[in-house]
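Undergrad: The structure that follows is given in the form of structure tokens.
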Amino acid sequence: MGCKRPGFHNTYLATFNRDNVRLVTEPIDKITGSGVATSDGESHDVDVLILATGFKVMDVDALTFDIVGSGGQSLSEFWKQHRMQAYEGVSVPGFANFFSVMGPYGYVGSSYFAMIEAQTRHLVRCIEQADRRTARRVEVRQEANDRYFA
């Protein structure tokens, strides 16, 4: 309970007791094709990488790493050119397999917890649908994003 934002869900901490879950606290050296290499020289294969970038949510340059889309454009450059935007606060056109939680225009004045849970359910549905279709990419269409942003 000593953290800034305690987890109120009763299954969160139990996740770390699963055989397929490890908490690694070593600093990340680099992201590889199959996972993460940490500063201690270890390689960790991952299926999903979650990046918690902090509280500078309205600063385009707050990202401490480059996120590059399928067209070679960085996310920070996209946001500088088109304002910060994300389809329902979750997906950005041109950035396949990139999902954010509580991203730009994702908060509607409700409970943060309810929004995070709703957006996470959406992410899971997208990933499950991609898995059913054996798709390797999930990306919001530009037209859908434009309608939402308008």
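Identifiers in the structure tokens: chain A, B, ... in order shown; residue index from 1 per chain; ligand index from 1 in order shown.
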Find the spatial neighbours of region 101-116 of chain A, counting only C-alpha atoms, within a cut-off of 9 Å - ignore same-chain residues fewer than 4 positions away - and output them as a VMD selection string.

TA: chain A and resid 57 to 58 84 to 91 120 to 121 123 149

Undergrad: Grab the residues selected above and save them as a PDB file, in the first residue's frame with C-alpha atoms.

TA:
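Output file again.pdb is given in full below:
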ATOM      1  CA  VAL A  57       0.612  13.103 -20.641  1.00  0.00           C
ATOM      2  CA  MET A  58       0.215  16.344 -22.597  1.00  0.00           C
ATOM      3  CA  MET A  84      -2.107  14.781 -30.061  1.00  0.00           C
ATOM      4  CA  GLN A  85      -4.824  12.356 -31.080  1.00  0.00           C
ATOM      5  CA  ALA A  86      -5.710   8.705 -30.757  1.00  0.00           C
ATOM      6  CA  TYR A  87      -8.828   6.820 -31.806  1.00  0.00           C
ATOM      7  CA  GLU A  88     -10.871   6.608 -28.603  1.00  0.00           C
ATOM      8  CA  GLY A  89      -7.648   7.346 -26.735  1.00  0.00           C
ATOM      9  CA  VAL A  90      -6.237   3.957 -27.745  1.00  0.00           C
ATOM     10  CA  SER A  91      -4.895   3.678 -31.327  1.00  0.00           C
ATOM     11  CA  THR A 120      -8.069  -2.608 -21.724  1.00  0.00           C
ATOM     12  CA  ARG A 121     -11.095  -4.739 -22.683  1.00  0.00           C
ATOM     13  CA  LEU A 123      -7.271  -3.893 -26.480  1.00  0.00           C
ATOM     14  CA  PHE A 149     -11.139  13.219 -34.083  1.00  0.00           C
TER      15      PHE A 149
END

Undergrad: Need the shell around Thr38 (chain A): protein/DNA/RNA residues with any atom at most 7 Å away, counting only C-alpha atoms. Skip same-chain ones fewer than 3 positions apart. Format as a PDB file with C-alpha atoms, in the first residue's frame?

TA:
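Final output, saved to around_6.pdb:
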ATOM      1  CA  GLU A  26      16.631  -4.523 -13.920  1.00  0.00           C
ATOM      2  CA  PRO A  27      16.906  -1.484 -16.216  1.00  0.00           C
ATOM      3  CA  ILE A  28      16.121  -2.149 -19.877  1.00  0.00           C
ATOM      4  CA  ASP A  29      19.164  -1.965 -22.129  1.00  0.00           C
ATOM      5  CA  LYS A  30      17.313  -2.477 -25.414  1.00  0.00           C
ATOM      6  CA  GLY A  41      23.006  -9.032 -19.861  1.00  0.00           C
ATOM      7  CA  GLU A  42      19.872 -11.187 -19.584  1.00  0.00           C
ATOM      8  CA  SER A  43      17.423 -11.589 -22.464  1.00  0.00           C
TER       9      SER A  43
END

Undergrad: Please report the interatomic distance between CA of Gln81 (chain A) and CA of Pro93 (chain A) in Å with one decimal.

TA: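 The value is 13.3 Å.
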
Undergrad: Calculated over only C-alpha atoms, which of the candidates A:Asp19, A:Leu49, A:Tyr148, A:Gly94 has the smallest distance to Ser74 (chain A)?

TA: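 That would be A:Gly94, the residue with the smallest distance to Ser74 (chain A).
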
Undergrad: Please give the complete set of residues from chain A that DSSP, run on the backbone, assigns to alpha helix (DSSP H), formatted as a ChimeraX atom specification.

TA: /A:75-82,112-132,142-149

Undergrad: Restricting the calculation to only C-alpha atoms: of A:Thr25, A:Gln129, A:Asn20, A:Phe98, which residue gets closest to Ala37 (chain A)?

TA: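 Ranked by minimum distance to Ala37 (chain A), first place goes to A:Thr25.
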
Undergrad: To one decimal in Å, tell me the separation between CA of Glu117 (chain A) and CA of Val92 (chain A).

TA: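 That distance, rounded to one decimal, is 19.2 Å.
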
Undergrad: Pick the closest to His82 (chain A) from A:Asn145, A:Phe16, A:Val36, A:Val140: which is it, counting only C-alpha atoms?

TA: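 Of A:Asn145, A:Phe16, A:Val36, A:Val140, the one nearest His82 (chain A), counting only C-alpha atoms, is A:Asn145.
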
Undergrad: Which residue is closest to Val138 (chain A)? Choose from A:Ala118, A:Val48, A:Phe95, A:Thr11 and count only C-alpha atoms.

TA: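 That would be A:Phe95, the residue with the smallest distance to Val138 (chain A).
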